[in-house]
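File shown: data27.cif (mmCIF, N, CA and C atoms).
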data_target
loop_
_atom_site.label_atom_id
_atom_site.label_comp_id
_atom_site.auth_asym_id
_atom_site.auth_seq_id
_atom_site.Cartn_x
_atom_site.Cartn_y
_atom_site.Cartn_z
N MET A 253 78.76 0.61 0.54
CA MET A 253 79.67 -0.31 -0.09
C MET A 253 80.43 -1.10 0.97
N TRP A 254 80.78 -2.31 0.60
CA TRP A 254 81.57 -3.15 1.49
C TRP A 254 83.00 -2.62 1.53
N GLN A 255 83.60 -2.65 2.72
CA GLN A 255 84.99 -2.25 2.90
C GLN A 255 85.74 -3.45 3.46
N GLU A 256 86.93 -3.68 2.93
CA GLU A 256 87.76 -4.76 3.47
C GLU A 256 88.80 -4.13 4.40
N GLN A 257 88.72 -4.55 5.67
CA GLN A 257 89.67 -4.05 6.67
C GLN A 257 89.78 -5.08 7.79
N ASP A 258 90.98 -5.21 8.31
CA ASP A 258 91.23 -6.14 9.41
C ASP A 258 90.74 -7.56 9.09
N ASN A 259 90.99 -8.02 7.87
CA ASN A 259 90.61 -9.36 7.43
C ASN A 259 89.11 -9.62 7.52
N GLN A 260 88.32 -8.57 7.26
CA GLN A 260 86.86 -8.69 7.26
C GLN A 260 86.27 -7.80 6.18
N LEU A 261 85.15 -8.23 5.62
CA LEU A 261 84.32 -7.35 4.81
C LEU A 261 83.31 -6.72 5.75
N THR A 262 83.21 -5.40 5.74
CA THR A 262 82.36 -4.69 6.69
C THR A 262 81.44 -3.72 5.95
N ARG A 263 80.21 -3.65 6.43
CA ARG A 263 79.27 -2.68 5.86
C ARG A 263 78.22 -2.33 6.89
N GLU A 264 77.83 -1.05 6.92
CA GLU A 264 76.74 -0.61 7.79
C GLU A 264 75.54 -0.24 6.91
N PHE A 265 74.38 -0.68 7.34
CA PHE A 265 73.13 -0.42 6.64
C PHE A 265 72.24 0.42 7.54
N THR A 266 71.56 1.40 6.97
CA THR A 266 70.65 2.26 7.72
C THR A 266 69.26 2.17 7.11
N PHE A 267 68.27 2.00 7.97
CA PHE A 267 66.89 1.82 7.55
C PHE A 267 66.02 2.90 8.18
N ALA A 268 64.77 2.96 7.77
CA ALA A 268 63.85 3.99 8.28
C ALA A 268 63.57 3.82 9.77
N ASP A 269 63.51 2.57 10.22
CA ASP A 269 63.19 2.32 11.62
C ASP A 269 63.65 0.91 12.02
N PHE A 270 63.40 0.56 13.25
CA PHE A 270 63.82 -0.74 13.78
C PHE A 270 63.15 -1.89 13.04
N SER A 271 61.87 -1.75 12.72
CA SER A 271 61.15 -2.83 12.04
C SER A 271 61.78 -3.17 10.69
N GLU A 272 62.16 -2.14 9.94
CA GLU A 272 62.81 -2.39 8.65
C GLU A 272 64.19 -3.04 8.84
N ALA A 273 64.91 -2.59 9.85
CA ALA A 273 66.23 -3.17 10.12
C ALA A 273 66.09 -4.65 10.50
N PHE A 274 65.10 -4.94 11.34
CA PHE A 274 64.89 -6.32 11.78
C PHE A 274 64.43 -7.21 10.62
N ALA A 275 63.58 -6.68 9.75
CA ALA A 275 63.13 -7.44 8.58
C ALA A 275 64.32 -7.77 7.68
N PHE A 276 65.22 -6.81 7.50
CA PHE A 276 66.44 -7.04 6.72
C PHE A 276 67.28 -8.14 7.37
N MET A 277 67.45 -8.08 8.67
CA MET A 277 68.23 -9.10 9.37
C MET A 277 67.60 -10.48 9.20
N THR A 278 66.29 -10.55 9.20
CA THR A 278 65.61 -11.83 9.00
C THR A 278 65.91 -12.38 7.61
N ARG A 279 65.84 -11.52 6.60
CA ARG A 279 66.15 -11.96 5.23
C ARG A 279 67.61 -12.43 5.12
N VAL A 280 68.51 -11.68 5.76
CA VAL A 280 69.93 -12.08 5.73
C VAL A 280 70.13 -13.40 6.47
N ALA A 281 69.44 -13.58 7.58
CA ALA A 281 69.56 -14.83 8.35
C ALA A 281 69.15 -16.03 7.51
N LEU A 282 68.06 -15.92 6.79
CA LEU A 282 67.61 -17.03 5.95
C LEU A 282 68.61 -17.30 4.83
N LEU A 283 69.14 -16.25 4.25
CA LEU A 283 70.13 -16.38 3.20
C LEU A 283 71.42 -17.02 3.73
N ALA A 284 71.89 -16.55 4.88
CA ALA A 284 73.11 -17.07 5.48
C ALA A 284 72.96 -18.54 5.85
N GLU A 285 71.80 -18.90 6.36
CA GLU A 285 71.55 -20.30 6.72
C GLU A 285 71.59 -21.18 5.46
N LYS A 286 70.98 -20.70 4.40
CA LYS A 286 70.97 -21.45 3.14
C LYS A 286 72.39 -21.63 2.60
N MET A 287 73.23 -20.60 2.77
CA MET A 287 74.61 -20.65 2.28
C MET A 287 75.56 -21.30 3.29
N ASP A 288 75.04 -21.59 4.49
CA ASP A 288 75.84 -22.16 5.58
C ASP A 288 77.08 -21.31 5.86
N HIS A 289 76.84 -20.00 5.90
CA HIS A 289 77.92 -19.05 6.17
C HIS A 289 77.32 -17.89 6.94
N HIS A 290 77.66 -17.76 8.20
CA HIS A 290 76.94 -16.87 9.09
C HIS A 290 77.77 -15.64 9.46
N PRO A 291 77.17 -14.46 9.40
CA PRO A 291 77.90 -13.22 9.66
C PRO A 291 78.00 -12.89 11.14
N TRP A 292 78.95 -12.02 11.45
CA TRP A 292 78.93 -11.30 12.73
C TRP A 292 78.14 -10.05 12.44
N TRP A 293 77.20 -9.71 13.31
CA TRP A 293 76.46 -8.48 13.09
C TRP A 293 76.00 -7.86 14.39
N SER A 294 75.63 -6.59 14.27
CA SER A 294 75.04 -5.90 15.41
C SER A 294 73.91 -5.02 14.89
N ASN A 295 72.98 -4.72 15.78
CA ASN A 295 71.83 -3.89 15.43
C ASN A 295 71.53 -2.95 16.57
N VAL A 296 71.42 -1.67 16.24
CA VAL A 296 70.95 -0.67 17.19
C VAL A 296 69.93 0.18 16.45
N TYR A 297 68.70 0.09 16.89
CA TYR A 297 67.55 0.78 16.31
C TYR A 297 67.48 0.56 14.80
N ASN A 298 67.87 1.54 13.99
CA ASN A 298 67.70 1.41 12.54
C ASN A 298 69.01 1.10 11.80
N LYS A 299 70.06 0.78 12.54
CA LYS A 299 71.35 0.49 11.93
C LYS A 299 71.75 -0.97 12.14
N VAL A 300 72.25 -1.58 11.06
CA VAL A 300 72.75 -2.95 11.11
C VAL A 300 74.18 -2.92 10.58
N THR A 301 75.11 -3.44 11.35
CA THR A 301 76.50 -3.57 10.91
C THR A 301 76.78 -5.05 10.71
N ILE A 302 77.35 -5.37 9.55
CA ILE A 302 77.68 -6.76 9.23
C ILE A 302 79.17 -6.85 8.95
N LYS A 303 79.80 -7.88 9.52
CA LYS A 303 81.21 -8.17 9.27
C LYS A 303 81.31 -9.63 8.82
N LEU A 304 82.03 -9.85 7.73
CA LEU A 304 82.16 -11.19 7.17
C LEU A 304 83.62 -11.61 7.13
N SER A 305 83.89 -12.80 7.62
CA SER A 305 85.19 -13.47 7.46
C SER A 305 84.92 -14.96 7.60
N THR A 306 85.86 -15.76 7.13
CA THR A 306 85.67 -17.21 7.17
C THR A 306 86.51 -17.78 8.31
N HIS A 307 85.84 -18.23 9.34
CA HIS A 307 86.52 -18.74 10.53
C HIS A 307 87.35 -19.98 10.22
N ASP A 308 86.81 -20.87 9.37
CA ASP A 308 87.52 -22.10 9.03
C ASP A 308 88.81 -21.86 8.27
N ALA A 309 88.94 -20.67 7.67
CA ALA A 309 90.14 -20.34 6.89
C ALA A 309 91.10 -19.47 7.69
N GLY A 310 90.85 -19.35 8.98
CA GLY A 310 91.74 -18.55 9.83
C GLY A 310 91.29 -17.10 9.95
N ASN A 311 89.98 -16.88 9.87
CA ASN A 311 89.41 -15.53 10.03
C ASN A 311 89.94 -14.54 9.01
N VAL A 312 89.91 -14.94 7.75
CA VAL A 312 90.27 -14.06 6.64
C VAL A 312 89.11 -14.02 5.66
N VAL A 313 89.16 -13.08 4.75
CA VAL A 313 88.12 -12.95 3.73
C VAL A 313 88.37 -13.98 2.63
N THR A 314 87.34 -14.74 2.31
CA THR A 314 87.43 -15.75 1.25
C THR A 314 86.29 -15.54 0.26
N GLY A 315 86.24 -16.40 -0.72
CA GLY A 315 85.16 -16.36 -1.70
C GLY A 315 83.79 -16.52 -1.07
N LYS A 316 83.71 -17.28 0.03
CA LYS A 316 82.42 -17.45 0.71
C LYS A 316 81.91 -16.10 1.21
N ASP A 317 82.82 -15.29 1.72
CA ASP A 317 82.42 -13.97 2.23
C ASP A 317 81.99 -13.05 1.11
N ARG A 318 82.73 -13.08 0.03
CA ARG A 318 82.39 -12.23 -1.12
C ARG A 318 81.05 -12.64 -1.73
N LYS A 319 80.80 -13.94 -1.77
CA LYS A 319 79.53 -14.44 -2.31
C LYS A 319 78.36 -14.00 -1.42
N LEU A 320 78.52 -14.12 -0.10
CA LEU A 320 77.46 -13.69 0.82
C LEU A 320 77.28 -12.18 0.76
N ALA A 321 78.36 -11.43 0.68
CA ALA A 321 78.26 -9.97 0.57
C ALA A 321 77.50 -9.58 -0.68
N GLU A 322 77.77 -10.24 -1.77
CA GLU A 322 77.06 -9.95 -3.02
C GLU A 322 75.57 -10.27 -2.89
N ALA A 323 75.26 -11.39 -2.27
CA ALA A 323 73.86 -11.79 -2.08
C ALA A 323 73.13 -10.80 -1.17
N ILE A 324 73.80 -10.32 -0.13
CA ILE A 324 73.21 -9.32 0.77
C ILE A 324 72.97 -8.03 -0.02
N GLY A 325 73.92 -7.66 -0.85
CA GLY A 325 73.74 -6.47 -1.68
C GLY A 325 72.53 -6.58 -2.59
N GLN A 326 72.28 -7.77 -3.10
CA GLN A 326 71.12 -7.99 -3.96
C GLN A 326 69.82 -7.85 -3.19
N LEU A 327 69.83 -8.22 -1.90
CA LEU A 327 68.64 -8.02 -1.07
C LEU A 327 68.30 -6.53 -0.96
N ILE A 328 69.31 -5.72 -0.82
CA ILE A 328 69.11 -4.27 -0.69
C ILE A 328 68.67 -3.67 -2.01
N ALA A 329 69.27 -4.15 -3.09
CA ALA A 329 68.96 -3.59 -4.42
C ALA A 329 67.54 -3.91 -4.86
N GLY A 330 67.00 -4.97 -4.26
CA GLY A 330 65.61 -5.35 -4.57
C GLY A 330 65.57 -6.28 -5.69
#
Produce C-alpha cells that represent the structure in this file.
Amino acid sequence: MWQEQDNQLTREFTFADFSEAFAFMTRVALLAEKMDHHPWWSNVYNKVTIKLSTHDAGNVVTGKDRKLAEAIGQLIAG
C-alpha cells in the first residue's frame, strides 16, 4: 500500500527477480511519460521503491501523484 510521509507517496514493490522488477519499471516509465508526471525511484535486484510528489507544487502530494499511484497500482493488479 502507498504511504504518505514527508510530503511524498511512497511504496516498495518486490518481484521474483531483477527481470520482473525491470519489466515493471519499464511499464511505469511508459505510463509516467504518458501522464507527464515522473517518479523518483530506486531499484536493487528485485525491489523497486517509488516516491511521488509534485515538484511544480512545491514538492507536496497532489492529485497528479494520487492519479499516478492509482495507475501504478492497476499495473500490479493486472
Taking all atoms listed in the file into account, name the residue in A:Gln257, A:Ile324, A:Tyr297, A:Met287 that is nearest to Asp269 of chain A.
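Ranking A:Gln257, A:Ile324, A:Tyr297, A:Met287 by distance to Asp269 of chain A, first place goes to A:Tyr297.
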Carefully work through the PyMOL selection byres (((chain A and resi 312-321 and name CA) around 8) and name CA) for this structure and note down the residues it includes, as a PyMOL selection string.
chain A and resi 254+259-261+284+287+289+304-307+309-311+322-325
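Pairwise distance (atom CA of Asn298 of chain A, atom CA of Ala275 of chain A) equals 10.7 Å.
Here atom N of Glu264 of chain A and atom N of Ile302 of chain A stand 5.1 Å from one another.
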Restricting the calculation to only N, CA and C atoms: of A:Gln326, A:Asp308, A:Asp288, A:Lys299, which residue gets closest to Glu272 of chain A?
A:Lys299
So what do you get for atom C of Met253 of chain A versus atom N of Thr266 of chain A, distance-wise?
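That distance, rounded to one decimal, is 11.0 Å.
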For a quick check of understanding, using only C-alpha atoms, which of A:Gln255, A:Ala329, A:Phe276, A:Ala268 has the smallest distance to Lys303 of chain A?
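Ranking A:Gln255, A:Ala329, A:Phe276, A:Ala268 by distance to Lys303 of chain A, first place goes to A:Gln255.
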Give me, as a ChimeraX atom specification, the residues of chain A that a backbone DSSP run labels strand (DSSP E).
/A:255-257,260-266,292-296,299-304
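Distances here use all atoms listed in the file; by that measure, the residue among A:Thr301, A:Arg279, A:Trp292, A:Ala273 closest to Leu327 of chain A is A:Arg279.
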